[in-house]
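Inspection log for the structure reproduced underneath, given as structure tokens.
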Amino acid sequence: MDHPASNKKFITIKDHILAQVESAAWPEHSRIPSENELAGQFGVSRMTARRALQELTEQGVLYRTQGVGSFVASPKSQSSLLEIRNIADDITRRGHFHSAQLVQLTSLPCPALVASALGMVRHQPVFFSLIVHYDNQTPLQLEARYVNPVMIPDYLAQDFHYQTPHEYLSAVAPLTDAEHLIEAVLPDELCQKYLKIPPSEPCLRLTRRTFSRGGAVSFAYLTSAGSRYRLGGQLTVSQKKPAP
């Protein structure tokens with residue numbers, strides 16, 4: 001288990017690097033200090049410095065070249081990701097009416113899987129929201145979302161009857177990266193209750209982890225009845241013309 005002091009130093013190193021990148025003190029493609037240099041500067045082990053660099057690399061803030069070092073990456077545009085769409089916009093685009101039922105908005109002990117996903121400590125407080133999204137009068141999607149309190153301290157003060165968590169998070173912590181897992185599942189008891197479907201109804205579950213410049217922001221399970229929802233997208237591939 002990591003020592004609490006090491007965790008604090010690890011976050012301090014990440015914050016320092018992010019501040020230099022965001023202020024343009026370290027422009028795109030510039031080489032940043034090595035693990036050894038950061039370890040010496042902050043008085044930590046090389047492993048702690050390596051963890052900071054590794055997480056920032058995974059989040060797309062840095063890229064690493066073997067045997068050379070770590071460099072500032074170009075900011076990712078949202079179009080380079082699997083498109084992150086707001087369900088309210090999807091429903092409105094079809095000419096239907098979106099509404100939401102807020103089932104739960106609270107702070108609870110962070111489960112082990114969520115702690116790993118958000119870079120938190122198990123059982124420390126994490127924000128949680130449970131929302132049913134309706135297409136006209138039909139329940140379409142059950143959204144169970146965990147939010148990092150350090151990144152989004154005012155999450156519990158929001159009224160999600162009138163804006164979706166996606167809208168709020170996009171405004172206060174603009175998306176830099178996202179991870180998705182799409183799978184077919186059978187509904188658990190919560191999904192059966194709030195989506196009003198039988199146990200045998202196939203569902204589409206999208207598990208999504210999102211990042212902003214400061215780190216992991218949220219981890220969500222978006223579950224939709226298979227007979228009411230489909231997931232689509234568009235991938236644009238640019239082809240370079242052959243050299244003459």
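In the structure tokens, each chain is lettered A, B, ... as it comes, each chain's residues begin at 1, and ligands are numbered from 1 in order of appearance.
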
Spatial neighbours of stretch 209-218 of chain A, max dist 10 Å, only C-alpha atoms, sep filter under 5 positions, as a CSV table (one decimal) with all heavy atoms, in the first residue's frame:
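For reference, out_30.csv as written:
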```
chain,number,residue,atom,x,y,z
A,11,ILE,N,0.6,13.6,-6.2
A,11,ILE,CA,-0.4,14.6,-6.7
A,11,ILE,C,0.3,15.9,-6.9
A,11,ILE,O,0.0,16.6,-7.9
A,11,ILE,CB,-1.5,14.7,-5.7
A,11,ILE,CG1,-2.3,13.4,-5.7
A,11,ILE,CG2,-2.5,15.8,-6.1
A,11,ILE,CD1,-3.4,13.3,-4.6
A,14,LYS,N,2.1,15.9,-10.3
A,14,LYS,CA,1.1,16.0,-11.4
A,14,LYS,C,0.7,17.4,-11.5
A,14,LYS,O,0.6,18.0,-12.6
A,14,LYS,CB,0.0,15.1,-11.1
A,14,LYS,CG,0.2,13.6,-11.4
A,14,LYS,CD,-1.0,12.7,-11.3
A,14,LYS,CE,-2.0,13.0,-12.4
A,14,LYS,NZ,-3.2,12.1,-12.4
A,15,ASP,N,0.3,18.0,-10.4
A,15,ASP,CA,-0.2,19.4,-10.4
A,15,ASP,C,0.8,20.4,-11.0
A,15,ASP,O,0.5,21.3,-11.7
A,15,ASP,CB,-0.6,19.9,-9.0
A,15,ASP,CG,-1.9,19.2,-8.6
A,15,ASP,OD1,-2.6,18.6,-9.4
A,15,ASP,OD2,-2.2,19.3,-7.4
A,18,LEU,N,1.1,19.8,-14.8
A,18,LEU,CA,-0.1,20.4,-15.4
A,18,LEU,C,-0.1,21.9,-15.5
A,18,LEU,O,-0.5,22.5,-16.5
A,18,LEU,CB,-1.4,19.9,-14.7
A,18,LEU,CG,-1.8,18.4,-14.9
A,18,LEU,CD1,-2.8,18.0,-13.9
A,18,LEU,CD2,-2.3,18.3,-16.4
A,19,ALA,N,0.4,22.5,-14.4
A,19,ALA,CA,0.5,24.0,-14.3
A,19,ALA,C,1.4,24.5,-15.4
A,19,ALA,O,1.2,25.5,-16.1
A,19,ALA,CB,0.9,24.4,-12.9
A,21,VAL,N,2.2,23.0,-18.2
A,21,VAL,CA,1.7,22.7,-19.5
A,21,VAL,C,0.6,23.7,-19.8
A,21,VAL,O,0.5,24.3,-20.9
A,21,VAL,CB,1.1,21.3,-19.6
A,21,VAL,CG1,0.3,21.1,-20.9
A,21,VAL,CG2,2.3,20.3,-19.5
A,22,GLU,N,-0.3,24.0,-18.9
A,22,GLU,CA,-1.5,24.8,-19.1
A,22,GLU,C,-1.1,26.3,-19.3
A,22,GLU,O,-1.8,27.1,-19.9
A,22,GLU,CB,-2.5,24.6,-18.0
A,22,GLU,CG,-3.2,23.3,-18.0
A,22,GLU,CD,-4.1,23.0,-16.9
A,22,GLU,OE1,-4.1,23.9,-15.9
A,22,GLU,OE2,-4.8,22.0,-16.9
A,55,GLU,N,0.6,8.3,-15.3
A,55,GLU,CA,-0.8,8.7,-15.3
A,55,GLU,C,-1.0,9.8,-16.3
A,55,GLU,O,-2.0,9.9,-17.0
A,55,GLU,CB,-1.3,9.0,-13.9
A,55,GLU,CG,-1.4,7.8,-13.0
A,55,GLU,CD,-2.4,7.9,-12.0
A,55,GLU,OE1,-3.2,8.9,-12.0
A,55,GLU,OE2,-2.6,7.0,-11.2
A,56,LEU,N,-0.1,10.8,-16.3
A,56,LEU,CA,-0.3,11.9,-17.3
A,56,LEU,C,-0.2,11.5,-18.7
A,56,LEU,O,-0.8,12.0,-19.6
A,56,LEU,CB,0.7,13.0,-16.9
A,56,LEU,CG,0.4,13.8,-15.7
A,56,LEU,CD1,1.6,14.7,-15.3
A,56,LEU,CD2,-0.9,14.6,-15.7
A,58,GLU,N,-1.1,8.4,-19.7
A,58,GLU,CA,-2.3,7.7,-19.9
A,58,GLU,C,-3.5,8.6,-20.2
A,58,GLU,O,-4.4,8.3,-21.0
A,58,GLU,CB,-2.7,6.8,-18.8
A,58,GLU,CG,-1.7,5.6,-18.6
A,58,GLU,CD,-2.0,4.8,-17.3
A,58,GLU,OE1,-2.9,5.3,-16.5
A,58,GLU,OE2,-1.4,3.8,-17.1
A,59,GLN,N,-3.4,9.8,-19.6
A,59,GLN,CA,-4.5,10.8,-19.8
A,59,GLN,C,-4.2,11.7,-21.0
A,59,GLN,O,-5.1,12.6,-21.3
A,59,GLN,CB,-4.5,11.7,-18.5
A,59,GLN,CG,-5.0,11.0,-17.3
A,59,GLN,CD,-4.7,11.7,-16.0
A,59,GLN,OE1,-4.4,12.9,-16.0
A,59,GLN,NE2,-4.7,11.0,-14.9
A,60,GLY,N,-3.2,11.5,-21.8
A,60,GLY,CA,-2.9,12.2,-23.0
A,60,GLY,C,-2.2,13.5,-22.8
A,60,GLY,O,-2.1,14.3,-23.8
A,61,VAL,N,-1.8,13.9,-21.6
A,61,VAL,CA,-1.1,15.1,-21.4
A,61,VAL,C,0.3,15.1,-21.9
A,61,VAL,O,0.9,16.0,-22.4
A,61,VAL,CB,-1.2,15.5,-19.9
A,61,VAL,CG1,-0.4,16.8,-19.6
A,61,VAL,CG2,-2.6,15.7,-19.4
A,75,PRO,N,-2.9,18.8,-27.4
A,75,PRO,CA,-4.2,18.6,-26.8
A,75,PRO,C,-5.1,17.8,-27.8
A,75,PRO,O,-5.1,18.0,-29.0
A,75,PRO,CB,-4.8,20.1,-26.7
A,75,PRO,CG,-3.6,20.9,-26.7
A,75,PRO,CD,-2.6,20.3,-27.6
A,84,ILE,N,-18.6,11.7,-27.7
A,84,ILE,CA,-19.3,11.8,-26.4
A,84,ILE,C,-20.5,12.6,-26.5
A,84,ILE,O,-20.4,13.8,-26.7
A,84,ILE,CB,-18.4,12.4,-25.3
A,84,ILE,CG1,-17.0,11.7,-25.2
A,84,ILE,CG2,-19.1,12.4,-23.9
A,84,ILE,CD1,-17.1,10.2,-24.8
A,114,VAL,N,-14.1,1.5,-8.5
A,114,VAL,CA,-14.2,2.9,-8.7
A,114,VAL,C,-13.0,3.6,-8.3
A,114,VAL,O,-12.5,4.5,-8.9
A,114,VAL,CB,-15.5,3.5,-8.1
A,114,VAL,CG1,-15.6,5.0,-8.3
A,114,VAL,CG2,-16.8,2.8,-8.7
A,117,ALA,N,-10.4,3.2,-10.8
A,117,ALA,CA,-10.7,3.9,-12.0
A,117,ALA,C,-10.4,5.4,-11.9
A,117,ALA,O,-10.0,6.1,-12.8
A,117,ALA,CB,-12.1,3.7,-12.4
A,118,LEU,N,-10.7,6.0,-10.7
A,118,LEU,CA,-10.6,7.4,-10.5
A,118,LEU,C,-9.3,7.8,-9.8
A,118,LEU,O,-9.1,9.0,-9.5
A,118,LEU,CB,-11.8,7.9,-9.7
A,118,LEU,CG,-13.2,7.8,-10.3
A,118,LEU,CD1,-14.3,8.3,-9.4
A,118,LEU,CD2,-13.2,8.5,-11.7
A,119,GLY,N,-8.4,6.9,-9.5
A,119,GLY,CA,-7.2,7.2,-8.8
A,119,GLY,C,-7.4,7.7,-7.3
A,119,GLY,O,-6.7,8.5,-6.8
A,120,MET,N,-8.5,7.1,-6.7
A,120,MET,CA,-8.8,7.4,-5.3
A,120,MET,C,-8.4,6.3,-4.4
A,120,MET,O,-8.0,5.2,-4.8
A,120,MET,CB,-10.3,7.7,-5.2
A,120,MET,CG,-10.7,8.9,-6.1
A,120,MET,SD,-12.5,9.2,-6.0
A,120,MET,CE,-12.9,9.4,-4.3
A,126,VAL,N,-16.8,9.4,-2.2
A,126,VAL,CA,-17.0,9.7,-3.6
A,126,VAL,C,-18.4,10.1,-3.9
A,126,VAL,O,-19.3,9.7,-3.2
A,126,VAL,CB,-16.6,8.4,-4.5
A,126,VAL,CG1,-17.6,7.3,-4.3
A,126,VAL,CG2,-16.5,8.8,-6.0
A,127,PHE,N,-18.6,11.1,-4.8
A,127,PHE,CA,-19.9,11.5,-5.2
A,127,PHE,C,-20.6,10.5,-6.1
A,127,PHE,O,-20.0,9.9,-6.9
A,127,PHE,CB,-19.9,12.9,-5.8
A,127,PHE,CG,-19.4,14.0,-4.9
A,127,PHE,CD1,-18.8,15.1,-5.5
A,127,PHE,CD2,-19.5,13.9,-3.5
A,127,PHE,CE1,-18.4,16.2,-4.6
A,127,PHE,CE2,-19.0,14.9,-2.7
A,127,PHE,CZ,-18.5,16.0,-3.3
A,128,PHE,N,-21.9,10.3,-5.9
A,128,PHE,CA,-22.7,9.4,-6.7
A,128,PHE,C,-24.0,9.9,-7.1
A,128,PHE,O,-24.7,10.5,-6.3
A,128,PHE,CB,-22.9,8.1,-5.9
A,128,PHE,CG,-23.7,7.0,-6.6
A,128,PHE,CD1,-23.2,6.3,-7.6
A,128,PHE,CD2,-25.0,6.8,-6.2
A,128,PHE,CE1,-24.0,5.3,-8.3
A,128,PHE,CE2,-25.8,5.9,-6.9
A,128,PHE,CZ,-25.3,5.2,-7.9
A,145,ARG,N,-23.5,7.2,-11.9
A,145,ARG,CA,-22.2,7.9,-12.1
A,145,ARG,C,-21.5,8.2,-10.8
A,145,ARG,O,-22.1,8.7,-9.8
A,145,ARG,CB,-22.5,9.2,-12.9
A,145,ARG,CG,-21.2,10.0,-13.2
A,145,ARG,CD,-21.5,11.3,-13.9
A,145,ARG,NE,-22.2,11.1,-15.2
A,145,ARG,CZ,-21.6,11.0,-16.4
A,145,ARG,NH1,-20.3,11.0,-16.5
A,145,ARG,NH2,-22.4,10.8,-17.5
A,146,TYR,N,-20.2,7.9,-10.8
A,146,TYR,CA,-19.3,8.2,-9.6
A,146,TYR,C,-18.4,9.4,-10.1
A,146,TYR,O,-17.9,9.3,-11.2
A,146,TYR,CB,-18.5,7.0,-9.2
A,146,TYR,CG,-19.2,5.8,-8.8
A,146,TYR,CD1,-19.7,4.9,-9.7
A,146,TYR,CD2,-19.5,5.6,-7.4
A,146,TYR,CE1,-20.4,3.8,-9.2
A,146,TYR,CE2,-20.2,4.5,-7.0
A,146,TYR,CZ,-20.7,3.6,-7.9
A,146,TYR,OH,-21.4,2.5,-7.5
A,147,VAL,N,-18.3,10.4,-9.2
A,147,VAL,CA,-17.6,11.6,-9.6
A,147,VAL,C,-16.5,11.9,-8.5
A,147,VAL,O,-16.8,11.8,-7.3
A,147,VAL,CB,-18.5,12.8,-9.7
A,147,VAL,CG1,-17.7,14.1,-9.9
A,147,VAL,CG2,-19.5,12.6,-10.8
A,148,ASN,N,-15.3,12.2,-9.0
A,148,ASN,CA,-14.2,12.5,-8.1
A,148,ASN,C,-14.4,13.9,-7.4
A,148,ASN,O,-14.5,14.9,-8.0
A,148,ASN,CB,-12.9,12.6,-8.9
A,148,ASN,CG,-11.7,12.7,-8.1
A,148,ASN,OD1,-11.7,13.1,-6.9
A,148,ASN,ND2,-10.5,12.3,-8.6
A,149,PRO,N,-14.6,13.9,-6.0
A,149,PRO,CA,-14.9,15.1,-5.3
A,149,PRO,C,-13.7,16.2,-5.4
A,149,PRO,O,-14.0,17.4,-5.3
A,149,PRO,CB,-15.1,14.7,-3.9
A,149,PRO,CG,-15.3,13.2,-3.9
A,149,PRO,CD,-14.5,12.7,-5.1
A,150,VAL,N,-12.5,15.7,-5.5
A,150,VAL,CA,-11.4,16.6,-5.6
A,150,VAL,C,-11.5,17.4,-6.9
A,150,VAL,O,-11.2,18.6,-7.0
A,150,VAL,CB,-10.0,15.9,-5.5
A,150,VAL,CG1,-8.9,16.8,-5.8
A,150,VAL,CG2,-9.9,15.2,-4.2
A,151,MET,N,-11.9,16.7,-8.0
A,151,MET,CA,-12.0,17.4,-9.3
A,151,MET,C,-13.3,18.2,-9.4
A,151,MET,O,-13.2,19.3,-10.0
A,151,MET,CB,-12.0,16.3,-10.4
A,151,MET,CG,-10.7,15.5,-10.5
A,151,MET,SD,-9.3,16.5,-11.1
A,151,MET,CE,-9.9,16.8,-12.8
A,152,ILE,N,-14.4,17.8,-8.8
A,152,ILE,CA,-15.7,18.4,-9.0
A,152,ILE,C,-16.3,18.6,-7.6
A,152,ILE,O,-17.3,17.9,-7.3
A,152,ILE,CB,-16.6,17.6,-9.9
A,152,ILE,CG1,-15.9,17.1,-11.2
A,152,ILE,CG2,-17.8,18.4,-10.3
A,152,ILE,CD1,-15.5,18.2,-12.1
A,165,PRO,N,-25.7,15.4,-16.0
A,165,PRO,CA,-24.3,15.4,-15.5
A,165,PRO,C,-23.3,15.7,-16.6
A,165,PRO,O,-22.3,16.4,-16.4
A,165,PRO,CB,-24.2,14.0,-14.9
A,165,PRO,CG,-25.5,13.7,-14.5
A,165,PRO,CD,-26.5,14.2,-15.5
A,166,HIS,N,-23.6,15.1,-17.8
A,166,HIS,CA,-22.7,15.4,-19.0
A,166,HIS,C,-22.6,16.9,-19.3
A,166,HIS,O,-21.5,17.4,-19.5
A,166,HIS,CB,-23.2,14.7,-20.2
A,166,HIS,CG,-22.5,15.0,-21.5
A,166,HIS,ND1,-21.3,14.3,-21.8
A,166,HIS,CD2,-22.7,15.9,-22.4
A,166,HIS,CE1,-20.9,14.8,-23.0
A,166,HIS,NE2,-21.7,15.8,-23.4
A,169,LEU,N,-20.6,18.6,-16.2
A,169,LEU,CA,-19.1,18.2,-16.2
A,169,LEU,C,-18.4,18.8,-17.4
A,169,LEU,O,-17.2,19.2,-17.3
A,169,LEU,CB,-19.0,16.7,-16.2
A,169,LEU,CG,-19.5,16.0,-14.9
A,169,LEU,CD1,-19.4,14.5,-15.0
A,169,LEU,CD2,-18.8,16.5,-13.7
A,170,SER,N,-19.0,18.8,-18.6
A,170,SER,CA,-18.4,19.4,-19.7
A,170,SER,C,-18.1,20.9,-19.6
A,170,SER,O,-17.1,21.4,-20.1
A,170,SER,CB,-19.2,19.2,-21.0
A,170,SER,OG,-19.4,17.8,-21.3
A,172,VAL,N,-17.6,22.5,-16.5
A,172,VAL,CA,-16.7,22.8,-15.4
A,172,VAL,C,-15.3,22.1,-15.5
A,172,VAL,O,-14.3,22.5,-14.9
A,172,VAL,CB,-17.3,22.5,-14.0
A,172,VAL,CG1,-18.5,23.4,-13.8
A,172,VAL,CG2,-17.6,21.0,-13.8
A,173,ALA,N,-15.3,21.0,-16.2
A,173,ALA,CA,-14.1,20.2,-16.4
A,173,ALA,C,-14.0,19.7,-17.8
A,173,ALA,O,-14.3,18.5,-18.1
A,173,ALA,CB,-14.0,19.0,-15.4
A,174,PRO,N,-13.7,20.5,-18.8
A,174,PRO,CA,-13.7,20.1,-20.2
A,174,PRO,C,-13.0,18.8,-20.5
A,174,PRO,O,-11.9,18.6,-20.0
A,174,PRO,CB,-13.0,21.3,-20.9
A,174,PRO,CG,-13.3,22.5,-20.0
A,174,PRO,CD,-13.3,21.9,-18.6
A,175,LEU,N,-13.6,18.0,-21.3
A,175,LEU,CA,-13.1,16.6,-21.6
A,175,LEU,C,-11.8,16.7,-22.3
A,175,LEU,O,-11.6,17.4,-23.3
A,175,LEU,CB,-14.1,15.9,-22.4
A,175,LEU,CG,-13.8,14.4,-22.8
A,175,LEU,CD1,-13.8,13.5,-21.6
A,175,LEU,CD2,-14.7,14.0,-23.9
A,176,THR,N,-10.8,15.9,-21.9
A,176,THR,CA,-9.5,15.7,-22.6
A,176,THR,C,-9.4,14.3,-23.1
A,176,THR,O,-8.7,14.0,-24.1
A,176,THR,CB,-8.3,16.1,-21.8
A,176,THR,OG1,-8.2,15.2,-20.6
A,176,THR,CG2,-8.3,17.5,-21.4
A,177,ASP,N,-10.0,13.3,-22.5
A,177,ASP,CA,-9.9,11.9,-22.9
A,177,ASP,C,-11.0,11.1,-22.3
A,177,ASP,O,-11.7,11.6,-21.3
A,177,ASP,CB,-8.5,11.4,-22.3
A,177,ASP,CG,-8.0,10.2,-23.2
A,177,ASP,OD1,-8.7,9.8,-24.0
A,177,ASP,OD2,-6.9,9.8,-22.9
A,178,ALA,N,-11.3,10.0,-22.9
A,178,ALA,CA,-12.3,9.1,-22.4
A,178,ALA,C,-12.0,7.6,-22.7
A,178,ALA,O,-11.3,7.4,-23.7
A,178,ALA,CB,-13.7,9.5,-22.9
A,179,GLU,N,-12.5,6.7,-21.9
A,179,GLU,CA,-12.4,5.3,-22.1
A,179,GLU,C,-13.8,4.7,-22.1
A,179,GLU,O,-14.6,5.1,-21.3
A,179,GLU,CB,-11.5,4.6,-21.1
A,179,GLU,CG,-10.1,5.1,-21.1
A,179,GLU,CD,-9.3,4.5,-19.9
A,179,GLU,OE1,-9.9,3.9,-19.1
A,179,GLU,OE2,-8.1,4.8,-19.9
A,180,HIS,N,-14.0,3.7,-23.0
A,180,HIS,CA,-15.3,3.1,-23.1
A,180,HIS,C,-15.3,1.6,-23.2
A,180,HIS,O,-14.3,1.1,-23.7
A,180,HIS,CB,-16.0,3.6,-24.5
A,180,HIS,CG,-16.2,5.0,-24.6
A,180,HIS,ND1,-17.3,5.7,-24.2
A,180,HIS,CD2,-15.3,5.9,-25.2
A,180,HIS,CE1,-17.1,7.0,-24.5
A,180,HIS,NE2,-15.9,7.2,-25.1
A,181,LEU,N,-16.2,1.0,-22.6
A,181,LEU,CA,-16.5,-0.4,-22.7
A,181,LEU,C,-17.9,-0.6,-23.0
A,181,LEU,O,-18.8,-0.2,-22.2
A,181,LEU,CB,-16.1,-1.2,-21.4
A,181,LEU,CG,-16.4,-2.7,-21.4
A,181,LEU,CD1,-15.5,-3.4,-22.4
A,181,LEU,CD2,-16.2,-3.3,-20.0
```

Who sits within 12 Å of A:Ser224, only C-alpha atoms, same chain under 2 positions skipped, as a ChimeraX atom specification: /A:87,132-135,138-144,182-188,190-192,194-197,201-207,221-222,226-231

Per DSSP on the backbone, filter stretch 35-129 of chain A down to the residues in alpha helix (DSSP H) and report them as a ChimeraX atom specification. /A:35-42,46-58,87-93,112-118

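Taking only stretch 131-169 of chain A, the residues that DSSP calls strand (DSSP E) from the backbone come to Ile131, Val132, His133, Tyr134, Asp135, Thr138, Pro139, Leu140, Gln141, Leu142, Glu143, Ala144, Arg145, Tyr146 and Val147 of chain A.
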
Output for the residues just chosen: C-alpha atoms as a compact mmCIF listing (two decimals), in the first residue's frame:
```txt
# COMPACT_ATOMS: atom_id res chain seq x y z
CA ILE A 131 -30.64 9.20 -12.83
CA VAL A 132 -33.32 7.81 -15.13
CA HIS A 133 -33.46 9.47 -18.55
CA TYR A 134 -36.84 9.48 -20.34
CA ASP A 135 -37.63 9.69 -24.03
CA THR A 138 -40.58 6.01 -21.76
CA PRO A 139 -37.59 5.28 -19.50
CA LEU A 140 -34.62 4.98 -21.85
CA GLN A 141 -31.43 4.90 -19.82
CA LEU A 142 -30.30 4.42 -16.21
CA GLU A 143 -27.18 6.45 -15.46
CA ALA A 144 -25.12 5.48 -12.41
CA ARG A 145 -22.19 7.90 -12.11
CA TYR A 146 -19.32 8.22 -9.64
CA VAL A 147 -17.55 11.60 -9.55
```

Let me make sure I understand: among A:Thr12, A:Thr65, A:Thr106, A:Gln54, which one has the smallest atom-to-atom distance to A:Gln41 if we use only C-alpha atoms? A:Thr12

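Among the candidate residues A:Leu108, A:Leu130, A:Leu62, A:Leu102, the one lying nearest to A:Glu28 is A:Leu62, with distances computed using only C-alpha atoms.
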